[in-house]
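Structure below is query-v5.tsv: TSV, C-alpha atoms.
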```tsv
chain	number	residue	atom	x	y	z
A	1	MET	CA	102.45	131.48	86.74
A	2	LYS	CA	105.39	129.82	85.05
A	3	LEU	CA	103.61	126.52	84.39
A	4	LEU	CA	100.98	128.22	82.27
A	5	ALA	CA	103.73	129.28	79.88
A	6	SER	CA	104.11	125.62	78.91
A	7	PRO	CA	102.18	124.82	75.72
A	8	ALA	CA	101.57	121.23	76.88
A	9	VAL	CA	100.03	122.45	80.13
A	10	ARG	CA	97.77	124.86	78.25
A	11	VAL	CA	96.61	122.14	75.86
A	12	GLY	CA	96.16	119.78	78.81
A	13	ILE	CA	93.94	122.25	80.65
A	14	SER	CA	91.73	123.01	77.67
A	15	ILE	CA	91.28	119.34	76.82
A	16	SER	CA	90.47	118.63	80.48
A	17	ILE	CA	87.65	121.16	80.40
A	18	ALA	CA	86.28	119.97	77.05
A	19	THR	CA	86.36	116.30	78.04
A	20	GLY	CA	85.34	116.84	81.66
A	21	LEU	CA	82.17	118.62	80.57
A	22	TYR	CA	80.85	115.65	78.67
A	23	GLY	CA	81.06	113.65	81.85
A	24	VAL	CA	77.63	115.23	82.39
A	25	SER	CA	76.19	113.19	79.54
A	26	PHE	CA	77.85	110.02	80.82
A	27	GLY	CA	76.47	110.52	84.33
A	28	ALA	CA	72.95	111.27	83.10
A	29	LEU	CA	72.92	108.34	80.65
A	30	ALA	CA	74.34	105.96	83.24
A	31	VAL	CA	71.49	106.47	85.70
A	32	THR	CA	68.82	106.40	82.98
A	33	SER	CA	70.35	103.11	81.71
A	34	GLY	CA	69.56	101.59	85.09
A	35	LEU	CA	72.78	102.12	87.03
A	36	ASN	CA	72.60	103.78	90.42
A	37	PHE	CA	74.63	106.85	91.40
A	38	TRP	CA	77.50	104.88	92.92
A	39	GLN	CA	77.73	102.48	89.98
A	40	ALA	CA	78.06	105.47	87.65
A	41	MET	CA	80.74	106.94	89.91
A	42	ALA	CA	82.58	103.62	90.20
A	43	LEU	CA	82.88	103.50	86.40
A	44	SER	CA	84.28	107.04	86.23
A	45	LEU	CA	86.61	106.65	89.24
A	46	LEU	CA	87.87	103.11	88.63
A	47	LEU	CA	87.36	102.24	84.97
A	48	PHE	CA	88.08	105.79	83.73
A	49	SER	CA	87.98	105.42	79.97
A	50	GLY	CA	85.16	107.24	78.17
A	51	GLY	CA	84.54	104.80	75.33
A	52	SER	CA	84.50	101.75	77.62
A	53	GLN	CA	82.21	103.50	80.11
A	54	PHE	CA	79.70	104.44	77.41
A	55	ALA	CA	79.92	100.88	76.06
A	56	PHE	CA	79.15	99.41	79.47
A	57	ILE	CA	76.01	101.50	79.99
A	58	GLY	CA	75.06	101.15	76.31
A	59	VAL	CA	74.86	97.36	76.64
A	60	VAL	CA	72.97	97.60	79.94
A	61	ALA	CA	70.51	100.09	78.42
A	62	GLY	CA	69.87	97.68	75.53
A	63	GLY	CA	68.92	94.92	77.97
A	64	GLY	CA	72.26	93.13	77.73
A	65	SER	CA	73.69	91.12	80.62
A	66	GLY	CA	76.42	92.28	82.97
A	67	ILE	CA	78.92	89.94	81.37
A	68	ALA	CA	78.16	91.34	77.89
A	69	ALA	CA	78.58	94.88	79.23
A	70	MET	CA	81.87	93.91	80.84
A	71	SER	CA	83.10	92.25	77.63
A	72	ALA	CA	82.29	95.24	75.42
A	73	ALA	CA	83.95	97.65	77.85
A	74	THR	CA	87.04	95.44	78.13
A	75	LEU	CA	87.44	95.05	74.37
A	76	LEU	CA	87.21	98.82	73.90
A	77	GLY	CA	89.83	99.28	76.65
A	78	MET	CA	92.43	97.30	74.71
A	79	ARG	CA	93.72	100.42	73.01
A	80	ASN	CA	94.73	101.84	76.39
A	81	GLY	CA	97.27	99.01	76.58
A	82	ILE	CA	98.77	100.24	73.31
A	83	TYR	CA	98.86	103.78	74.71
A	84	GLY	CA	100.58	102.42	77.84
A	85	MET	CA	103.34	100.92	75.71
A	86	GLN	CA	103.84	104.18	73.84
A	87	LEU	CA	103.86	106.29	77.01
A	88	ASN	CA	106.21	103.93	78.81
A	89	ALA	CA	108.69	104.27	75.96
A	90	LEU	CA	108.20	108.03	75.86
A	91	LEU	CA	108.05	109.08	79.52
A	92	ARG	CA	109.86	106.19	81.24
A	93	PRO	CA	107.93	106.58	84.50
A	94	THR	CA	109.36	104.85	87.60
A	95	GLY	CA	107.98	103.63	90.91
A	96	TRP	CA	104.53	104.86	91.93
A	97	ARG	CA	104.32	107.14	88.88
A	98	LYS	CA	103.94	104.06	86.72
A	99	TYR	CA	100.91	102.80	88.66
A	100	ILE	CA	99.19	106.20	88.94
A	101	GLY	CA	100.08	107.06	85.35
A	102	ALA	CA	98.54	103.79	84.15
A	103	GLN	CA	95.14	104.76	85.57
A	104	LEU	CA	95.42	108.15	83.78
A	105	THR	CA	96.31	106.48	80.45
A	106	ILE	CA	93.44	107.41	78.12
A	107	ASP	CA	92.91	108.91	74.66
A	108	GLU	CA	93.26	112.50	75.82
A	109	SER	CA	96.36	112.25	78.02
A	110	THR	CA	98.16	110.14	75.41
A	111	ALA	CA	97.30	112.57	72.62
A	112	THR	CA	98.39	115.61	74.63
A	113	SER	CA	101.70	113.97	75.50
A	114	THR	CA	102.65	112.43	72.17
A	115	GLY	CA	101.86	115.68	70.37
A	116	GLN	CA	104.82	117.36	72.04
A	117	ALA	CA	108.44	117.06	70.91
A	118	ASP	CA	110.35	118.01	74.08
A	119	PRO	CA	110.53	115.21	76.73
A	120	ALA	CA	109.78	117.61	79.61
A	121	GLU	CA	106.76	118.94	77.73
A	122	GLN	CA	105.59	115.40	76.95
A	123	ARG	CA	105.68	114.68	80.68
A	124	ARG	CA	103.84	117.88	81.61
A	125	GLY	CA	101.23	117.28	78.90
A	126	PHE	CA	100.51	113.76	80.10
A	127	TRP	CA	100.11	114.66	83.77
A	128	THR	CA	98.15	117.86	83.16
A	129	ALA	CA	95.64	116.21	80.82
A	130	GLY	CA	95.53	112.98	82.85
A	131	VAL	CA	94.91	114.58	86.26
A	132	GLY	CA	92.75	117.36	84.80
A	133	VAL	CA	90.43	115.04	82.88
A	134	TYR	CA	90.25	112.65	85.85
A	135	VAL	CA	89.14	115.35	88.29
A	136	LEU	CA	86.67	117.10	85.97
A	137	TRP	CA	85.29	113.90	84.40
A	138	ASN	CA	84.42	112.56	87.86
A	139	LEU	CA	83.02	115.86	89.05
A	140	PHE	CA	80.74	116.17	86.03
A	141	THR	CA	79.75	112.50	86.13
A	142	ALA	CA	78.39	113.19	89.62
A	143	VAL	CA	76.54	116.28	88.38
A	144	GLY	CA	75.01	114.32	85.47
A	145	ALA	CA	74.08	111.32	87.60
A	146	LEU	CA	72.35	113.51	90.19
A	147	ALA	CA	70.51	115.52	87.52
A	148	GLY	CA	69.63	112.44	85.46
A	149	SER	CA	67.93	110.58	88.28
A	150	GLY	CA	65.62	113.54	88.90
A	151	LEU	CA	64.39	113.76	85.32
A	152	GLY	CA	61.60	111.19	85.36
A	153	ASP	CA	61.03	109.21	82.14
A	154	PRO	CA	64.34	109.40	80.26
A	155	LYS	CA	62.60	108.87	76.89
A	156	GLN	CA	60.56	112.02	77.36
A	157	TRP	CA	63.83	113.98	77.38
A	158	GLY	CA	65.26	112.04	74.48
A	159	LEU	CA	68.09	110.62	76.57
A	160	ASP	CA	68.10	107.44	74.49
A	161	GLY	CA	68.72	109.74	71.52
A	162	ALA	CA	71.58	111.30	73.46
A	163	ALA	CA	73.24	107.88	73.73
A	164	VAL	CA	72.98	107.33	69.97
A	165	ALA	CA	74.53	110.75	69.37
A	166	ALA	CA	77.31	110.13	71.89
A	167	PHE	CA	78.42	106.88	70.22
A	168	LEU	CA	78.34	108.43	66.77
A	169	ALA	CA	80.42	111.35	68.08
A	170	LEU	CA	82.99	108.95	69.55
A	171	LEU	CA	83.14	107.04	66.27
A	172	TRP	CA	83.26	110.09	63.99
A	173	PRO	CA	86.88	111.26	64.43
A	174	ARG	CA	88.06	107.73	63.58
A	175	LEU	CA	86.28	107.60	60.21
A	176	LYS	CA	89.06	109.13	58.16
A	177	GLY	CA	89.62	107.39	54.87
A	178	ARG	CA	87.99	104.47	53.10
A	179	GLU	CA	89.13	101.59	55.28
A	180	PRO	CA	87.79	102.78	58.65
A	181	ILE	CA	84.47	103.66	57.01
A	182	ALA	CA	84.30	100.18	55.47
A	183	ILE	CA	85.08	98.57	58.85
A	184	ALA	CA	82.36	100.62	60.53
A	185	ALA	CA	79.84	99.71	57.83
A	186	VAL	CA	80.63	95.99	57.94
A	187	CYS	CA	80.39	95.93	61.74
A	188	ALA	CA	77.12	97.86	61.69
A	189	VAL	CA	75.63	95.32	59.26
A	190	ALA	CA	77.00	92.40	61.30
A	191	THR	CA	75.29	93.85	64.36
A	192	VAL	CA	71.91	94.24	62.66
A	193	VAL	CA	72.07	90.73	61.19
A	194	ALA	CA	73.00	89.18	64.55
A	195	VAL	CA	70.28	90.92	66.61
A	196	PRO	CA	67.40	88.44	66.06
A	197	PHE	CA	69.57	85.37	66.64
A	198	VAL	CA	71.56	86.06	69.81
A	199	PRO	CA	70.82	87.51	73.28
A	200	ALA	CA	70.94	91.28	73.80
A	201	GLY	CA	74.48	92.63	74.10
A	202	VAL	CA	76.02	89.80	72.10
A	203	PRO	CA	75.66	91.48	68.65
A	204	ILE	CA	78.23	94.03	69.84
A	205	LEU	CA	80.68	91.23	70.56
A	206	VAL	CA	79.99	89.70	67.14
A	207	ALA	CA	80.95	93.04	65.61
A	208	ALA	CA	84.11	93.10	67.74
A	209	VAL	CA	85.15	89.70	66.39
A	210	VAL	CA	84.50	90.85	62.81
A	211	ALA	CA	86.58	93.98	63.42
A	212	ALA	CA	89.42	91.97	64.95
A	213	LEU	CA	89.48	89.64	61.93
A	214	VAL	CA	89.65	92.65	59.60
A	215	GLY	CA	92.55	94.00	61.67
A	216	TRP	CA	94.35	90.65	61.58
A	217	PHE	CA	94.16	90.24	57.82
A	218	SER	CA	94.30	93.84	56.58
A	219	HIS	CA	97.33	95.96	55.93
A	220	GLY	CA	96.05	99.42	56.82
A	221	ARG	CA	97.80	101.98	58.96
A	222	ARG	CA	98.98	100.57	62.26
A	223	ASP	CA	97.36	103.38	64.24
A	224	GLU	CA	94.02	103.21	62.45
A	225	GLY	CA	91.17	103.85	64.84
A	226	LEU	CA	93.50	104.91	67.63
A	227	GLU	CA	92.73	108.57	67.16
A	228	PRO	CA	91.74	110.34	70.37
A	229	ASP	CA	88.11	111.19	71.08
A	230	VAL	CA	89.06	114.84	71.22
A	231	GLU	CA	91.92	116.20	69.16
A	232	PRO	CA	94.00	118.50	71.34
A	233	TYR	CA	95.88	120.09	68.48
A	234	GLY	CA	93.00	121.08	66.25
A	235	ALA	CA	91.49	119.38	63.24
A	236	HIS	CA	94.27	120.07	60.74
A	237	ARG	CA	97.30	117.94	61.18
A	238	PRO	CA	99.38	117.88	58.02
A	239	GLY	CA	100.79	114.59	56.92
A	240	HIS	CA	98.30	112.54	58.91
A	241	HIS	CA	95.35	110.48	57.73
A	242	GLN	CA	96.50	110.51	54.16
A	243	GLY	CA	95.77	106.82	53.93
A	244	GLY	CA	98.07	104.21	52.48
A	245	ASP	CA	100.58	102.02	54.20
A	246	SER	CA	102.81	104.08	56.45
A	247	HIS	CA	104.38	101.66	58.86
A	248	GLY	CA	107.72	103.42	58.74
A	249	ALA	CA	106.19	106.79	59.48
A	250	GLY	CA	104.18	105.20	62.26
A	251	VAL	CA	107.29	103.94	64.02
A	252	GLN	CA	108.91	107.32	63.73
A	253	ARG	CA	105.89	109.07	65.19
A	254	LYS	CA	105.77	106.71	68.13
A	255	GLU	CA	109.25	107.90	69.09
A	256	GLY	CA	107.95	111.43	69.30
A	257	THR	CA	110.35	112.83	66.74
A	258	ASP	CA	107.65	114.27	64.52
A	259	PRO	CA	105.35	116.33	66.72
A	260	GLY	CA	103.40	117.92	63.90
A	261	ALA	CA	102.29	114.67	62.36
A	262	ASP	CA	100.58	112.85	65.14
A	263	ALA	CA	98.79	113.40	68.38
B	1	MET	CA	73.83	92.92	92.76
B	2	SER	CA	75.38	90.85	89.97
B	3	LEU	CA	75.72	94.04	87.90
B	4	TRP	CA	78.07	95.37	90.58
B	5	ILE	CA	80.27	92.28	90.19
B	6	TRP	CA	80.59	92.60	86.40
B	7	LEU	CA	81.08	96.34	86.76
B	8	LEU	CA	84.00	95.87	89.16
B	9	ILE	CA	85.50	93.14	86.96
B	10	ALA	CA	85.29	95.58	84.02
B	11	CYS	CA	87.11	98.18	86.12
B	12	ALA	CA	89.83	95.69	87.10
B	13	LEU	CA	90.33	94.55	83.50
B	14	ALA	CA	90.45	98.15	82.27
B	15	TYR	CA	93.31	98.83	84.68
B	16	ALA	CA	94.92	95.54	83.69
B	17	TRP	CA	95.09	96.66	80.02
B	18	LYS	CA	96.56	100.01	81.03
B	19	ILE	CA	99.24	98.72	83.42
B	20	MET	CA	100.10	95.84	81.07
B	21	GLY	CA	101.16	98.40	78.49
B	22	TYR	CA	103.74	99.76	80.90
B	23	PHE	CA	105.29	96.34	81.49
B	24	VAL	CA	105.28	94.98	77.96
B	25	PRO	CA	108.75	95.11	76.38
B	26	ALA	CA	108.93	97.83	73.75
B	27	ARG	CA	109.62	95.36	70.94
B	28	PHE	CA	105.95	94.31	71.00
B	29	LEU	CA	105.22	97.75	69.59
B	30	GLU	CA	107.13	96.69	66.51
B	31	ASP	CA	104.39	94.20	65.69
B	32	PRO	CA	101.99	96.45	63.80
B	33	ARG	CA	99.25	93.83	63.91
B	34	THR	CA	98.61	94.31	67.64
B	35	SER	CA	97.92	98.01	67.40
B	36	ARG	CA	96.00	97.58	64.15
B	37	ILE	CA	93.60	95.12	65.80
B	38	ALA	CA	93.15	97.49	68.76
B	39	GLY	CA	92.28	100.17	66.22
B	40	THR	CA	89.89	98.21	64.01
B	41	MET	CA	88.18	96.81	67.10
B	42	THR	CA	87.64	100.32	68.45
B	43	ILE	CA	86.00	101.38	65.18
B	44	GLY	CA	83.90	98.19	64.98
B	45	LEU	CA	82.67	98.39	68.57
B	46	LEU	CA	81.71	102.06	68.35
B	47	ALA	CA	79.88	101.46	65.06
B	48	SER	CA	78.05	98.51	66.59
B	49	LEU	CA	77.14	100.45	69.74
B	50	THR	CA	75.79	103.29	67.61
B	51	VAL	CA	73.56	100.89	65.68
B	52	VAL	CA	72.40	99.00	68.78
B	53	ASN	CA	71.38	102.21	70.51
B	54	ALA	CA	69.71	103.58	67.38
B	55	VAL	CA	67.61	100.68	66.05
B	56	VAL	CA	67.71	97.75	68.47
B	57	SER	CA	65.01	97.12	71.03
B	58	GLY	CA	65.70	93.99	73.07
B	59	GLN	CA	66.08	91.25	70.46
B	60	ALA	CA	64.26	93.04	67.65
B	61	LEU	CA	64.91	95.92	65.27
B	62	ALA	CA	62.78	99.05	65.65
B	63	ALA	CA	62.47	102.32	63.76
B	64	ASP	CA	61.56	105.06	66.21
B	65	ALA	CA	62.54	108.55	67.33
B	66	ARG	CA	66.11	107.36	67.89
B	67	LEU	CA	66.63	107.28	64.11
B	68	GLY	CA	65.92	111.02	64.11
B	69	ALA	CA	68.52	111.43	66.84
B	70	LEU	CA	71.04	109.56	64.70
B	71	ALA	CA	70.38	111.83	61.71
B	72	ALA	CA	70.56	114.99	63.84
B	73	ALA	CA	73.85	113.88	65.39
B	74	ALA	CA	75.32	113.15	61.96
B	75	ILE	CA	74.35	116.61	60.73
B	76	ALA	CA	75.85	118.23	63.85
B	77	LEU	CA	79.09	116.28	63.30
B	78	VAL	CA	79.29	117.29	59.65
B	79	LEU	CA	78.96	120.88	60.85
B	80	ARG	CA	81.87	120.22	63.24
B	81	ALA	CA	79.86	120.81	66.37
B	82	PRO	CA	81.57	119.96	69.68
B	83	PHE	CA	80.73	116.71	71.48
B	84	LEU	CA	78.28	118.22	73.95
B	85	VAL	CA	76.33	119.99	71.19
B	86	VAL	CA	76.09	116.74	69.21
B	87	VAL	CA	74.67	114.94	72.24
B	88	ILE	CA	72.15	117.72	72.91
B	89	ALA	CA	71.11	117.70	69.23
B	90	GLY	CA	70.46	113.95	69.48
B	91	ALA	CA	68.46	114.23	72.69
B	92	GLY	CA	66.49	117.26	71.51
B	93	THR	CA	65.53	115.65	68.21
B	94	ALA	CA	64.34	112.43	69.86
B	95	ALA	CA	62.34	114.40	72.43
B	96	LEU	CA	60.74	116.63	69.78
B	97	LEU	CA	59.85	113.68	67.55
B	98	ARG	CA	58.09	112.03	70.50
B	99	VAL	CA	56.16	115.22	71.24
B	100	ALA	CA	55.17	115.20	67.55
B	101	GLY	CA	53.80	111.69	68.00
B	102	TRP	CA	56.53	109.41	66.60
B	103	SER	CA	57.39	106.93	69.33
```

Can you give me the file's structure in the form of structure tokens?
Amino acid sequence: MKLLASPAVRVGISISIATGLYGVSFGALAVTSGLNFWQAMALSLLLFSGGSQFAFIGVVAGGGSGIAAMSAATLLGMRNGIYGMQLNALLRPTGWRKYIGAQLTIDESTATSTGQADPAEQRRGFWTAGVGVYVLWNLFTAVGALAGSGLGDPKQWGLDGAAVAAFLALLWPRLKGREPIAIAAVCAVATVVAVPFVPAGVPILVAAVVAALVGWFSHGRRDEGLEPDVEPYGAHRPGHHQGGDSHGAGVQRKEGTDPGADA
Amino acid sequence: MSLWIWLLIACALAYAWKIMGYFVPARFLEDPRTSRIAGTMTIGLLASLTVVNAVVSGQALAADARLGALAAAAIALVLRAPFLVVVIAGAGTAALLRVAGWS
């Protein structure tokens, strides 16, 4: 098949499989957090953004209110707006493609697309990863949700430990360099300090405000923390994550002229 | 029932962020502060969610088997294990610690 000769399509397919598979853990955690099958599916079908989905069920599992869960998920979804701006400039989608493409705008599809230099490849990468992750993520969410509800006491299987591990794994690829580690540490401390004083779920929002203030006043890299959950082009990307102020390089990368340096 | 409402609002707002990106004039990208805040907030929220799920129990702090899960996940990540393996390591450690008698 000719399409499989395209590097962007190949990357898109492999990232779809890798990401789709961990939909199992989302589905299982969602139902053990207290959501029913259709609520878990609604998050995967309609919200469709891994970090925000895990945030939503993470707040619910911790006894937080629906509004706190919604707030945490929405704040984490902000970066998809930034991706949308980048992809709009890169792919220039028109008509219905814009509205469908928006729903498929996530870490993985953005990374697959912006890692390519050729405009046609950027387009293929976006749609392959976007559609592929969407289909598999939803399929495996259903598998996980069905399996999870039949497990009995979730603690017996360590599923609360699975949630801890999942959040750390989502955070991990973003902790490159001193500044992101410092932000993570400050927000972790802010959370712990806030816990006894505010209702469940709110400490997460306190941490979000702290992080936003750091972002407002700091002068770190403009794309700090915007790394994808899964890196489609392997762990070694020369010229990236070297720290320091690289606004100029950032602008260049956003135009897709430097495929080796960013994903 | 009210969880459904907040869930659907979260879905609507998630799409609103995404589609907004496609309609914002490109010059907003030239303001590095916007994307930097999106980035620092992502780090801060994930760090906070990790902590909440590891040591918070309602409105109190608790040290239980979830701390073991956190340590196991960190070790798996240092060893560059894939996402699914990290999650399984966390779940397995918490389950084993409970079998061993640590709540």

Check: Do you know which residues are at most 10 Å from B:Ala94 counting all atoms listed in the file, after dropping those on the same chain fewer than 2 positions away, and could you put them as a list in words?
Finding: Lys155, Gln156, Trp157, Gly158, Leu159, Asp160, Gly161 and Ala162 of chain A; Asp64, Ala65, Arg66, Leu67, Gly68, Ala69, Leu70, Ala72, Ile88, Ala89, Gly90, Ala91, Gly92, Leu96, Leu97, Arg98, Val99, Ala100, Trp102 and Ser103 of chain B

Checklist line | Counting all atoms listed in the file, the residue of A:Gly20, A:Gly51, A:Gly201, A:Pro173 that sits nearest B:Leu77 | finding: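 Result for the nearest residue to B:Leu77: A:Pro173.
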
Margin query: If the cut-off is 6 Å, can you tell me the residues of chain B near chain A, counting only C-alpha atoms? I'd like them as JSON, numbers by chain.
Written below: {"B": [3, 6, 10, 11, 14, 17, 18, 19, 21, 22, 32, 35, 36, 37, 38, 39, 40, 41, 42, 43, 44, 45, 46, 47, 48, 50, 53, 54, 58, 59, 60, 66, 69, 70, 73, 84, 87, 90, 91, 94, 95]}

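Each of A:Val131, A:Leu90, A:Val31, A:Ala120 was checked against A:Ala8 using only C-alpha atoms; the smallest atom-to-atom distance is that of A:Ala120.
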
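Atom CA of A:Thr128 to atom CA of A:Val9 spans 5.8 Å [interatomic distance, one decimal].
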
Check: In Å, with one decimal, what is the gap from atom CA of A:Thr112 to atom CA of A:Val133?
Finding: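 Spanning atom CA of A:Thr112 to atom CA of A:Val133 is a straight-line distance of 11.5 Å.
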
Assuming 3 Å of padding per side, give the centre and edge lengths of the axis-aligned box around every listed atom of stretch 72-91 of chain B, in Å to one decimal and as JSON.
```
{"center_x": 75.2, "center_y": 117.0, "center_z": 66.8, "size_x": 19.4, "size_y": 13.7, "size_z": 20.3}
```

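With distances taken over all atoms listed in the file, A:Gly125 is the one residue among A:Gly125, A:Gly34, A:Gly144, A:Ala111 lying closest to A:Leu3.
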
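Between atom CA of A:Arg97 and atom CA of A:Gln116 the interatomic distance comes to 19.7 Å.
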
Notebook entry, point to check: Closest to A:Gly27 among A:Asn138, A:Thr114, A:Ser6, A:Gln122, using only C-alpha atoms?
Noted result: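 Nearest candidate to A:Gly27 out of A:Asn138, A:Thr114, A:Ser6, A:Gln122: A:Asn138.
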